[in-house]
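Source file data_28.cif; content: mmCIF, C-alpha atoms and all ligand atoms.
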data_query
loop_
_atom_site.label_atom_id
_atom_site.label_comp_id
_atom_site.auth_asym_id
_atom_site.auth_seq_id
_atom_site.Cartn_x
_atom_site.Cartn_y
_atom_site.Cartn_z
CA MET Q 1 115.82 18.97 -41.58
CA ASN Q 2 117.87 15.74 -41.41
CA ASP Q 3 118.91 14.28 -38.05
CA GLN Q 4 122.56 15.28 -38.27
CA LEU Q 5 121.85 18.91 -39.06
CA PRO Q 6 121.54 20.28 -35.53
CA THR Q 7 124.97 18.87 -34.62
CA ALA Q 8 126.57 20.07 -37.84
CA PHE Q 9 125.04 23.53 -37.36
CA ASP Q 10 126.16 23.66 -33.72
CA GLN Q 11 129.73 22.85 -34.77
CA ALA Q 12 129.58 25.35 -37.63
CA LEU Q 13 128.29 28.12 -35.36
CA ALA Q 14 130.94 27.32 -32.73
CA ALA Q 15 133.49 27.71 -35.54
CA ALA Q 16 131.88 30.92 -36.81
CA VAL Q 17 132.39 32.72 -33.50
CA ARG Q 18 136.13 31.88 -33.57
CA ALA Q 19 136.52 34.46 -36.37
CA PRO Q 20 138.76 37.45 -35.68
CA SER Q 21 137.17 40.87 -35.19
CA PRO Q 22 138.57 44.30 -34.30
CA HIS Q 23 139.16 44.43 -30.53
CA ASN Q 24 137.36 41.06 -30.39
CA THR Q 25 134.04 42.90 -30.60
CA GLN Q 26 132.34 39.90 -32.29
CA PRO Q 27 129.90 42.08 -34.25
CA TRP Q 28 127.68 39.24 -35.45
CA ARG Q 29 124.38 37.51 -34.89
CA PHE Q 30 123.18 34.30 -36.50
CA VAL Q 31 119.66 33.17 -37.25
CA VAL Q 32 119.03 29.52 -38.08
CA ASP Q 33 116.08 29.29 -40.43
CA GLY Q 34 115.40 25.63 -41.25
CA ASP Q 35 118.44 24.43 -43.19
CA ALA Q 36 119.90 27.92 -43.73
CA VAL Q 37 121.93 30.23 -41.49
CA GLU Q 38 121.62 34.01 -41.77
CA VAL Q 39 124.58 36.15 -40.73
CA TRP Q 40 123.62 39.58 -39.40
CA LEU Q 41 125.78 42.54 -38.46
CA ASP Q 42 125.35 43.52 -34.79
CA ARG Q 43 125.34 47.34 -34.97
CA ASP Q 44 125.72 47.62 -31.19
CA ARG Q 45 129.20 46.10 -31.52
CA VAL Q 46 130.56 48.25 -34.33
CA LEU Q 47 133.47 50.46 -33.23
CA ALA Q 48 131.99 53.95 -33.61
CA VAL Q 49 135.36 55.73 -33.72
CA ALA Q 50 137.73 53.29 -35.44
CA ASP Q 51 135.13 51.78 -37.78
CA PRO Q 52 132.25 54.25 -38.29
CA ALA Q 53 131.24 52.73 -41.65
CA ALA Q 54 131.20 49.20 -40.11
CA ARG Q 55 133.69 48.06 -42.75
CA GLU Q 56 135.89 46.08 -40.35
CA ALA Q 57 132.78 44.64 -38.72
CA ARG Q 58 131.53 43.32 -42.08
CA VAL Q 59 134.99 41.90 -42.82
CA SER Q 60 134.79 40.06 -39.48
CA CYS Q 61 131.34 38.67 -40.34
CA GLY Q 62 132.77 37.47 -43.67
CA ALA Q 63 135.47 35.60 -41.73
CA ALA Q 64 132.73 34.00 -39.62
CA VAL Q 65 130.94 32.94 -42.84
CA LEU Q 66 134.06 31.15 -44.06
CA ASN Q 67 134.50 29.31 -40.74
CA LEU Q 68 130.87 28.21 -40.98
CA VAL Q 69 131.16 26.97 -44.56
CA ILE Q 70 134.38 25.05 -43.94
CA THR Q 71 132.94 23.36 -40.87
CA LEU Q 72 129.78 22.33 -42.71
CA ARG Q 73 132.03 20.88 -45.40
CA VAL Q 74 133.97 18.67 -43.04
CA ASN Q 75 130.61 17.38 -41.89
CA GLY Q 76 129.92 16.31 -45.47
CA LEU Q 77 127.58 19.22 -46.22
CA GLY Q 78 127.91 21.48 -49.24
CA ALA Q 79 127.13 25.13 -48.56
CA ARG Q 80 126.06 27.91 -50.88
CA VAL Q 81 126.83 31.45 -49.73
CA ARG Q 82 124.68 34.37 -50.82
CA ILE Q 83 126.29 37.68 -49.91
CA LEU Q 84 123.43 40.08 -49.51
CA PRO Q 85 123.79 43.46 -47.93
CA GLY Q 86 121.37 45.65 -49.77
CA ALA Q 87 119.45 48.85 -49.24
CA ALA Q 88 116.40 47.07 -47.81
CA LEU Q 89 118.23 44.98 -45.17
CA PRO Q 90 121.77 46.38 -44.93
CA ASP Q 91 122.60 44.34 -41.83
CA LEU Q 92 121.63 40.95 -43.27
CA LEU Q 93 125.09 40.22 -44.68
CA ALA Q 94 124.87 36.66 -45.92
CA VAL Q 95 122.74 33.55 -46.01
CA ILE Q 96 124.41 30.15 -46.03
CA GLY Q 97 122.17 27.49 -47.49
CA LEU Q 98 122.83 23.78 -47.69
CA ASP Q 99 123.73 22.54 -51.13
CA GLY Q 100 123.64 18.76 -51.07
CA THR Q 101 126.32 16.53 -49.67
CA ARG Q 102 130.00 17.02 -50.35
CA ARG Q 103 133.00 14.84 -49.64
CA SER Q 104 135.52 16.92 -47.70
CA THR Q 105 139.11 17.14 -48.89
CA GLU Q 106 142.24 16.92 -46.80
CA GLN Q 107 142.64 20.65 -47.30
CA ASP Q 108 139.12 21.30 -45.93
CA ARG Q 109 139.96 19.22 -42.87
CA GLY Q 110 143.26 21.10 -42.34
CA LEU Q 111 141.47 24.46 -42.52
CA ALA Q 112 138.61 23.34 -40.26
CA GLU Q 113 141.12 22.26 -37.66
CA ALA Q 114 143.01 25.57 -38.05
CA VAL Q 115 139.80 27.49 -37.16
CA HIS Q 116 140.29 26.41 -33.53
CA ARG Q 117 144.04 27.18 -33.40
CA ARG Q 118 144.27 30.44 -35.36
CA HIS Q 119 144.89 33.49 -33.23
CA THR Q 120 146.41 36.92 -33.56
CA ASN Q 121 150.06 36.89 -32.54
CA ARG Q 122 151.41 40.31 -31.52
CA ARG Q 123 154.76 38.96 -30.37
CA PRO Q 124 158.05 39.06 -32.28
CA PHE Q 125 158.42 36.64 -35.16
CA ALA Q 126 161.65 34.85 -36.05
CA ASP Q 127 163.99 36.42 -38.57
CA ARG Q 128 163.18 33.58 -40.92
CA ALA Q 129 161.89 34.21 -44.42
CA VAL Q 130 158.52 32.79 -45.41
CA PRO Q 131 159.40 30.47 -48.29
CA ALA Q 132 158.05 30.93 -51.79
CA VAL Q 133 155.94 27.78 -51.59
CA ALA Q 134 154.10 29.01 -48.48
CA ARG Q 135 153.58 32.44 -50.05
CA ALA Q 136 152.15 30.78 -53.14
CA ARG Q 137 149.70 28.81 -50.98
CA LEU Q 138 148.56 31.99 -49.21
CA LYS Q 139 148.06 33.73 -52.54
CA SER Q 140 146.07 30.86 -53.96
CA ALA Q 141 143.96 30.75 -50.76
CA ALA Q 142 142.95 34.36 -51.49
CA LEU Q 143 142.26 33.63 -55.15
CA SER Q 144 140.07 30.65 -54.33
CA GLU Q 145 137.70 32.93 -52.39
CA GLY Q 146 137.61 35.51 -55.18
CA GLY Q 147 140.16 37.94 -53.74
CA GLN Q 148 143.85 38.66 -53.85
CA LEU Q 149 146.81 38.75 -51.48
CA GLU Q 150 149.67 41.07 -52.35
CA PHE Q 151 152.99 40.87 -50.50
CA LEU Q 152 154.63 44.21 -49.95
CA ASP Q 153 158.31 43.40 -49.93
CA ALA Q 154 158.37 42.72 -53.64
CA SER Q 155 156.57 45.87 -54.59
CA GLY Q 156 158.61 48.72 -53.18
CA ARG Q 157 155.50 49.86 -51.28
CA TYR Q 158 156.81 48.63 -47.92
CA PRO Q 159 158.50 51.86 -46.67
CA LYS Q 160 155.48 53.95 -47.67
CA VAL Q 161 153.11 51.56 -45.91
CA ALA Q 162 155.26 51.46 -42.77
CA ALA Q 163 155.33 55.29 -42.69
CA LEU Q 164 151.51 55.43 -43.01
CA VAL Q 165 151.09 52.84 -40.22
CA ARG Q 166 153.21 54.97 -37.89
CA ARG Q 167 151.52 58.25 -38.88
CA ALA Q 168 148.03 56.77 -38.43
CA GLU Q 169 149.00 55.30 -35.07
CA SER Q 170 150.28 58.62 -33.77
CA LEU Q 171 147.11 60.43 -34.95
CA GLN Q 172 144.94 57.82 -33.21
CA ALA Q 173 147.03 58.16 -30.05
CA GLU Q 174 146.28 61.92 -30.06
CA ASP Q 175 142.52 61.35 -30.41
CA PRO Q 176 140.79 61.10 -27.01
CA ALA Q 177 137.71 59.40 -28.53
CA PHE Q 178 139.87 56.71 -30.14
CA ARG Q 179 141.84 56.24 -26.93
CA ALA Q 180 138.65 55.86 -24.90
CA GLU Q 181 137.18 53.31 -27.32
CA SER Q 182 140.39 51.32 -27.39
CA ALA Q 183 140.69 51.42 -23.59
CA PHE Q 184 137.11 50.17 -23.25
CA TRP Q 185 137.72 47.09 -25.43
CA THR Q 186 141.29 46.15 -24.51
CA GLY Q 187 143.34 45.31 -21.46
CA ARG Q 188 140.72 42.82 -20.25
CA ALA Q 189 141.15 39.76 -18.04
CA ALA Q 190 142.22 36.55 -19.82
CA GLU Q 191 138.80 34.93 -19.46
CA SER Q 192 136.80 37.95 -20.70
CA PRO Q 193 134.30 36.66 -23.32
CA ASP Q 194 134.97 39.64 -25.56
CA GLY Q 195 137.55 42.44 -25.91
CA VAL Q 196 141.31 41.94 -26.06
CA PRO Q 197 142.93 40.54 -22.92
CA THR Q 198 146.27 41.90 -21.76
CA VAL Q 199 147.77 38.41 -22.18
CA ALA Q 200 147.26 38.78 -25.95
CA PHE Q 201 149.33 41.98 -26.13
CA GLY Q 202 152.91 42.07 -27.40
CA PRO Q 203 156.08 43.09 -25.56
CA ARG Q 204 157.46 46.61 -25.35
CA TYR Q 205 159.46 47.59 -28.40
CA GLU Q 206 161.77 50.46 -29.17
CA ILE Q 207 162.67 50.04 -32.79
CA PRO Q 208 161.66 53.17 -34.64
CA GLY Q 209 161.84 51.77 -38.18
CA VAL Q 210 159.90 48.56 -37.64
CA VAL Q 211 156.13 48.14 -37.62
CA CYS Q 212 154.73 45.55 -35.24
CA HIS Q 213 151.71 45.80 -32.93
CA ARG Q 214 150.04 49.02 -31.77
CA ALA Q 215 151.84 50.67 -28.87
CA SER Q 216 148.54 50.49 -26.95
CA HIS Q 217 148.68 46.69 -27.26
CA THR Q 218 151.85 46.50 -25.16
CA ASN Q 219 152.17 44.36 -22.06
CA PRO Q 220 155.42 45.20 -20.23
CA ALA Q 221 155.17 41.82 -18.45
CA VAL Q 222 155.81 39.99 -21.76
CA PRO Q 223 159.57 39.37 -21.94
CA SER Q 224 161.00 41.72 -24.54
CA ARG Q 225 162.66 40.16 -27.55
CA ALA Q 226 163.76 41.77 -30.78
CA PHE Q 227 161.00 42.00 -33.36
CA GLU Q 228 161.84 40.69 -36.80
CA GLN Q 229 163.86 43.31 -38.66
CA ASP Q 230 162.17 42.73 -41.98
CA PRO Q 231 158.52 41.90 -41.32
CA LEU Q 232 156.55 40.35 -44.14
CA LEU Q 233 153.46 42.46 -44.75
CA ALA Q 234 150.60 41.60 -47.07
CA VAL Q 235 147.33 43.23 -48.07
CA VAL Q 236 144.01 41.50 -48.70
CA LEU Q 237 142.23 42.93 -51.74
CA THR Q 238 139.04 42.50 -53.69
CA ARG Q 239 138.25 43.90 -57.14
CA ASP Q 240 135.09 45.66 -55.95
CA HIS Q 241 134.35 47.88 -53.02
CA GLY Q 242 131.23 48.36 -50.91
CA ALA Q 243 129.39 46.35 -48.30
CA ALA Q 244 129.27 43.06 -50.25
CA ALA Q 245 132.98 43.34 -51.05
CA ASP Q 246 133.70 43.78 -47.31
CA VAL Q 247 131.97 40.46 -46.56
CA ARG Q 248 133.75 38.75 -49.47
CA ALA Q 249 137.06 40.22 -48.22
CA GLY Q 250 136.44 38.68 -44.80
CA MET Q 251 136.12 35.26 -46.42
CA VAL Q 252 139.30 35.87 -48.41
CA MET Q 253 141.20 37.10 -45.35
CA GLN Q 254 140.05 34.19 -43.22
CA ARG Q 255 141.09 31.60 -45.80
CA VAL Q 256 144.52 33.28 -45.89
CA LEU Q 257 144.75 33.25 -42.08
CA LEU Q 258 143.63 29.61 -41.79
CA THR Q 259 146.04 28.58 -44.53
CA ALA Q 260 148.81 30.44 -42.69
CA THR Q 261 147.91 28.59 -39.46
CA ALA Q 262 147.92 25.25 -41.31
CA GLU Q 263 151.36 26.18 -42.71
CA GLY Q 264 152.73 26.85 -39.22
CA LEU Q 265 152.70 30.61 -39.76
CA ALA Q 266 151.52 33.31 -37.34
CA ALA Q 267 149.83 36.57 -38.26
CA SER Q 268 148.76 39.88 -36.81
CA PHE Q 269 146.88 42.91 -38.12
CA LEU Q 270 147.96 46.49 -38.72
CA SER Q 271 144.69 48.32 -39.35
CA GLN Q 272 145.81 51.81 -38.36
CA PRO Q 273 146.20 53.19 -41.92
CA LEU Q 274 142.75 51.91 -42.89
CA GLU Q 275 141.10 53.57 -39.91
CA VAL Q 276 142.29 57.18 -40.07
CA HIS Q 277 140.56 59.56 -42.45
CA GLY Q 278 143.15 61.20 -44.68
CA ILE Q 279 145.69 58.40 -44.19
CA ARG Q 280 143.24 55.80 -45.49
CA GLU Q 281 142.98 57.57 -48.85
CA GLN Q 282 146.78 57.71 -49.21
CA PHE Q 283 147.03 54.05 -48.26
CA LEU Q 284 144.38 52.93 -50.75
CA GLU Q 285 146.03 55.04 -53.44
CA LEU Q 286 149.19 52.92 -53.13
CA PHE Q 287 147.21 49.92 -54.41
CA ARG Q 288 145.05 51.67 -57.01
CA GLY Q 289 144.90 49.44 -60.04
CA LEU Q 290 145.05 46.27 -57.95
CA GLY Q 291 141.70 46.66 -56.22
CA GLN Q 292 140.29 47.63 -52.85
CA VAL Q 293 142.45 46.92 -49.77
CA HIS Q 294 140.56 45.52 -46.77
CA ALA Q 295 143.27 44.36 -44.37
CA LEU Q 296 146.98 44.73 -43.75
CA LEU Q 297 148.58 41.64 -42.22
CA ARG Q 298 151.98 40.84 -40.76
CA ILE Q 299 152.92 37.22 -41.35
CA GLY Q 300 155.83 35.15 -40.08
CA TYR Q 301 157.06 32.37 -37.85
CA GLY Q 302 156.17 32.92 -34.20
CA HIS Q 303 155.65 30.92 -31.05
CA ALA Q 304 152.00 30.16 -30.36
CA THR Q 305 150.43 32.63 -27.92
CA ARG Q 306 147.17 32.60 -25.99
CA MET Q 307 143.82 32.17 -27.69
CA THR Q 308 141.24 34.78 -26.72
CA ALA Q 309 137.78 33.80 -25.54
CA ARG Q 310 134.46 34.29 -27.31
CA ARG Q 311 130.85 34.63 -26.32
CA PRO Q 312 129.30 31.19 -26.77
CA ALA Q 313 127.55 30.62 -30.10
CA ALA Q 314 124.24 30.03 -28.31
CA GLU Q 315 124.36 33.59 -26.99
CA VAL Q 316 124.50 35.04 -30.49
CA THR Q 317 122.21 32.60 -32.30
CA ALA Q 318 118.44 32.61 -32.63
CA GLN Q 319 116.11 30.17 -34.35
CA ARG Q 320 113.58 31.65 -36.74
CA ALA Q 321 110.18 30.62 -35.46
CA GLU Q 322 107.99 28.52 -37.75
CA PRO Q 323 105.23 30.70 -39.17
CA ASP Q 324 101.95 30.10 -37.35
CA VAL Q 325 99.79 27.62 -39.21
CA PRO Q 326 96.32 29.12 -39.45
CA ALA Q 327 93.72 26.97 -37.71
CA VAL Q 328 91.24 25.31 -40.04
C1 LIG J 401 139.17 43.71 -39.48
C2 LIG J 401 140.11 43.46 -38.31
C3 LIG J 401 141.01 44.43 -37.93
C4 LIG J 401 141.90 44.18 -36.87
N1 LIG J 401 142.83 45.13 -36.55
C5 LIG J 401 143.74 44.89 -35.58
C6 LIG J 401 144.80 45.81 -35.31
O1 LIG J 401 144.91 46.85 -35.95
N2 LIG J 401 145.70 45.50 -34.34
C7 LIG J 401 145.63 44.33 -33.65
O2 LIG J 401 146.48 44.09 -32.81
N3 LIG J 401 144.66 43.42 -33.88
C8 LIG J 401 143.72 43.67 -34.84
N4 LIG J 401 142.76 42.74 -35.13
C9 LIG J 401 142.77 41.45 -34.42
C10 LIG J 401 141.73 41.40 -33.31
O3 LIG J 401 142.09 42.20 -32.22
C11 LIG J 401 141.57 39.93 -32.92
O4 LIG J 401 141.05 39.21 -34.01
C12 LIG J 401 140.63 39.74 -31.73
O5 LIG J 401 141.16 40.34 -30.59
C13 LIG J 401 140.38 38.25 -31.46
O6 LIG J 401 141.58 37.59 -31.19
P1 LIG J 401 142.14 36.40 -32.09
O7 LIG J 401 142.34 36.91 -33.49
O8 LIG J 401 143.42 36.04 -31.42
O9 LIG J 401 141.14 35.29 -32.06
C14 LIG J 401 141.85 42.95 -36.18
C15 LIG J 401 140.92 41.99 -36.57
C16 LIG J 401 140.06 42.23 -37.63
C17 LIG J 401 139.11 41.16 -38.07
#
For this file, produce the structure as C-alpha cells.
Amino acid sequence: MNDQLPTAFDQALAAAVRAPSPHNTQPWRFVVDGDAVEVWLDRDRVLAVADPAAREARVSCGAAVLNLVITLRVNGLGARVRILPGAALPDLLAVIGLDGTRRSTEQDRGLAEAVHRRHTNRRPFADRAVPAVARARLKSAALSEGGQLEFLDASGRYPKVAALVRRAESLQAEDPAFRAESAFWTGRAAESPDGVPTVAFGPRYEIPGVVCHRASHTNPAVPSRAFEQDPLLAVVLTRDHGAAADVRAGMVMQRVLLTATAEGLAASFLSQPLEVHGIREQFLELFRGLGQVHALLRIGYGHATRMTARRPAAEVTAQRAEPDVPAV
C-alpha cells in the first residue's frame, strides 16, 4: 500500500457515507482489504416494510460506491468497480479496486465537492423551469454511468405518475406496519446520526393536484410557501433488473444528484409508487420498453436546507486482517 492510500481511503469512505438512503438508514458496511474496498449491504438496516427486497438499500449502496470512486479520483487514483451480488455472497455488492493513477478533471472535482453539499430538499422549489442545457447535463450524467434519466413532462406520463404517487401514499398511510416503520426512522433530533430529522421535513401543503414530499414528512414549523405548480419529475432507469442493476442504478442516480447539486439544482425523492405492491407494477408498466425504473426524483431550484448527519465512516468500516503467516 502506498503512503497516501490511508488518507485517500479515509476521505473516500467519509464521502461514501454521505450517500442518500431511504429514511437515512445507511444500510452499508465497508471492508478495506489492502488496496481494495468492499461494499456490503447491512441487512439489519433494510426497511422490512417499505423495502422488503432490499432494492432501495442496494440503490443506496450504489450511491455510496459512486461517492467513493469520485473521491479516489480527485486524489489522483483510478478506481475499477466490480458489481458483484451473486448467489454465493448476495450481500457483497461491489469491490472497488485501485487502477493506477488518474489525473482528475474539473468535472470530477465539481462532483467530489458536491458530495458534501448534496442533500434532499423537501421544501417548495421556485416556479422556474430547469433549462434545456441543465437537463441535458443530467441526462448525460446518467448515461455516463450506464443508465438513463427520463423527464416526465415531455412524455405525457406525468398525470399518471402523480396519481400513482398519491394512491401509493394513501395506501401506505393506511398500513399500520408502514406507519410504525416510518415513525421509528423519522422525526428525529437534528443531530441524530441516522434517521430523518424533523428539520429536514417540508412545510404543510394543501394542493391536491401537486406531488411534493410525503405528508408524513411535514413539519408545521416550516413556514408554508406555495409548492411549484409544475414540478419537474424524472425517473432513473437501467436496461437490466436484479440486484446488480440496483447497485448500478445507485451509481447512476448519485451522478445525477451530484450533477444537479453542481448545477445549483435541488432534488427530492418520491418513492411511494415503487414501494407499494400492486402500484409498483402499474408504475413500472408506464416505462416498459425504456428499462427498469429505480427512483423517481423531483428536481428544481430551491433554497439550500439542512444537511442530515451520518454515522462516522469509522463506525461502518472494518479492515480485513492479514492472513496468519504460518510459522516456519
Ligand atoms: C432509494 C431512496 C429512496 C428514498 N425515498 C424517499 C422518499 O420517498 N421520500 C423522501 O422524502 N426521501 C426519500 N429518500 C431520501 C432520504 O430520506 C435521504 O437520502 C436521507 O434522509 C438522507 O438525507 P440527505 O439525502 O439529505 O443526505 C430516499 C433516498 C433513497 C436513496
Shell of 7 Å around ligand LIG 401 (chain J) (only C-alpha atoms and all ligand atoms), written as number ranges by chain: Q: 18-24, 56-57, 59-60, 118-122, 195-196, 213-214, 217, 268-272, 295, 307-308
Selected residue, from Q:Leu72, Q:Val235, Q:Ala12, Q:Val46, that lies nearest to Lys139 (chain Q) when counting only C-alpha atoms: Q:Val235
Between CA of Leu92 (chain Q) and CA of Glu38 (chain Q), what is the distance, to one decimal in Å?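 We find that CA of Leu92 (chain Q) and CA of Glu38 (chain Q) lie 7.1 Å from each other.
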From Q:Leu89, Q:Val247, Q:Ala50, Q:Ile299, residue lying nearest Pro124 (chain Q) [all atoms listed in the file]: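 Of all the options, Q:Ile299 lies closest to Pro124 (chain Q).
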Excluding same-chain residues fewer than 4 positions from His303 (chain Q), what lies within 10 Å of it counting all atoms listed in the file, as a list in words? Asn121, Arg123, Pro124, Phe125, Ala126, Gly264, Leu265 and Ala266 of chain Q
Rounded to one decimal in Å, what is the spacing between CA of Ala15 (chain Q) and CA of Gly147 (chain Q)?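 Computed distance, CA of Ala15 (chain Q) to CA of Gly147 (chain Q), equals 21.9 Å.
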Give me the region 41-127 of chain Q side of the contact with region 173-185 of chain Q, cut-off 10 Å, one line per residue showing its nearest atom pair and distance in Å at one decimal, counting only C-alpha atoms, sorted by chain and residue number, as a Markdown table.
| residue | atom | partner | partner_atom | distance |
| --- | --- | --- | --- | --- |
| Q:Leu47 | CA | Q:Glu181 | CA | 7.5 |
| Q:Ala48 | CA | Q:Glu181 | CA | 8.2 |
| Q:Val49 | CA | Q:Phe178 | CA | 5.8 |
| Q:Ala50 | CA | Q:Phe178 | CA | 6.7 |
At most 12 Å from (122.0, 43.2, -47.5), file frame, only C-alpha atoms: which residues, as a ChimeraX atom specification? /Q:38-41,58,82-95,242-247
Write out as a PyMOL selection string the residues lying within 8 Å of Ser192 (chain Q), counting only C-alpha atoms and excluding same-chain residues fewer than 3 positions away. chain Q and resi 188-189+195+197+309-310
For Thr261 (chain Q), which residue out of Q:Leu5, Q:Leu13, Q:Ala134, Q:Ala129 is the nearest one, using all atoms listed in the file?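 For Thr261 (chain Q), the nearest of the given residues is Q:Ala134.
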Need the shell around Pro131 (chain Q): protein/DNA/RNA residues with any atom at most 12 Å away, counting only C-alpha atoms. Skip same-chain ones fewer than 4 positions apart. Format as a ChimeraX atom specification? /Q:135-138,232,260,263-265,299-301
Need the shell around Ala162 (chain Q): protein/DNA/RNA residues with any atom at most 10 Å away, counting all atoms listed in the file. Skip same-chain ones fewer than 5 positions apart. Format as an mmCIF file with C-alpha atoms, keeping the file's coordinate frame?
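Generated file (around.cif):
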data_model
loop_
_atom_site.group_PDB
_atom_site.id
_atom_site.type_symbol
_atom_site.label_atom_id
_atom_site.label_comp_id
_atom_site.auth_asym_id
_atom_site.auth_seq_id
_atom_site.Cartn_x
_atom_site.Cartn_y
_atom_site.Cartn_z
ATOM 1 C CA ARG Q 157 155.500 49.860 -51.280
ATOM 2 C CA ARG Q 167 151.520 58.250 -38.880
ATOM 3 C CA ALA Q 168 148.030 56.770 -38.430
ATOM 4 C CA GLY Q 209 161.840 51.770 -38.180
ATOM 5 C CA VAL Q 210 159.900 48.560 -37.640
ATOM 6 C CA VAL Q 211 156.130 48.140 -37.620
ATOM 7 C CA CYS Q 212 154.730 45.550 -35.240
ATOM 8 C CA LEU Q 233 153.460 42.460 -44.750
ATOM 9 C CA LEU Q 270 147.960 46.490 -38.720
ATOM 10 C CA PRO Q 273 146.200 53.190 -41.920
#
Shortest interatomic distance to Arg102 (chain Q) - which of Q:Ala36, Q:Leu149, Q:Val69, Q:Val256, counting only C-alpha atoms: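 Using only C-alpha atoms, the shortest distance to Arg102 (chain Q) belongs to Q:Val69.
Between CA of Ala142 (chain Q) and CA of Leu258 (chain Q) lies a distance of 10.8 Å.
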Near-Ala215 (chain Q) list (9 Å; only C-alpha atoms; drop same-chain fewer than 5 positions) as a count of residues only: 5
Counting only C-alpha atoms, the residue of Q:Ala221, Q:Ala313, Q:Val65, Q:Val165 that sits nearest Pro193 (chain Q):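 Of Q:Ala221, Q:Ala313, Q:Val65, Q:Val165, the one nearest Pro193 (chain Q), counting only C-alpha atoms, is Q:Ala313.
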Taking all atoms listed in the file into account, which of Q:Phe287, Q:Tyr158, Q:Trp28, Q:Phe9 comes nearest Arg239 (chain Q)?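 Selected residue with least distance to Arg239 (chain Q): Q:Phe287.
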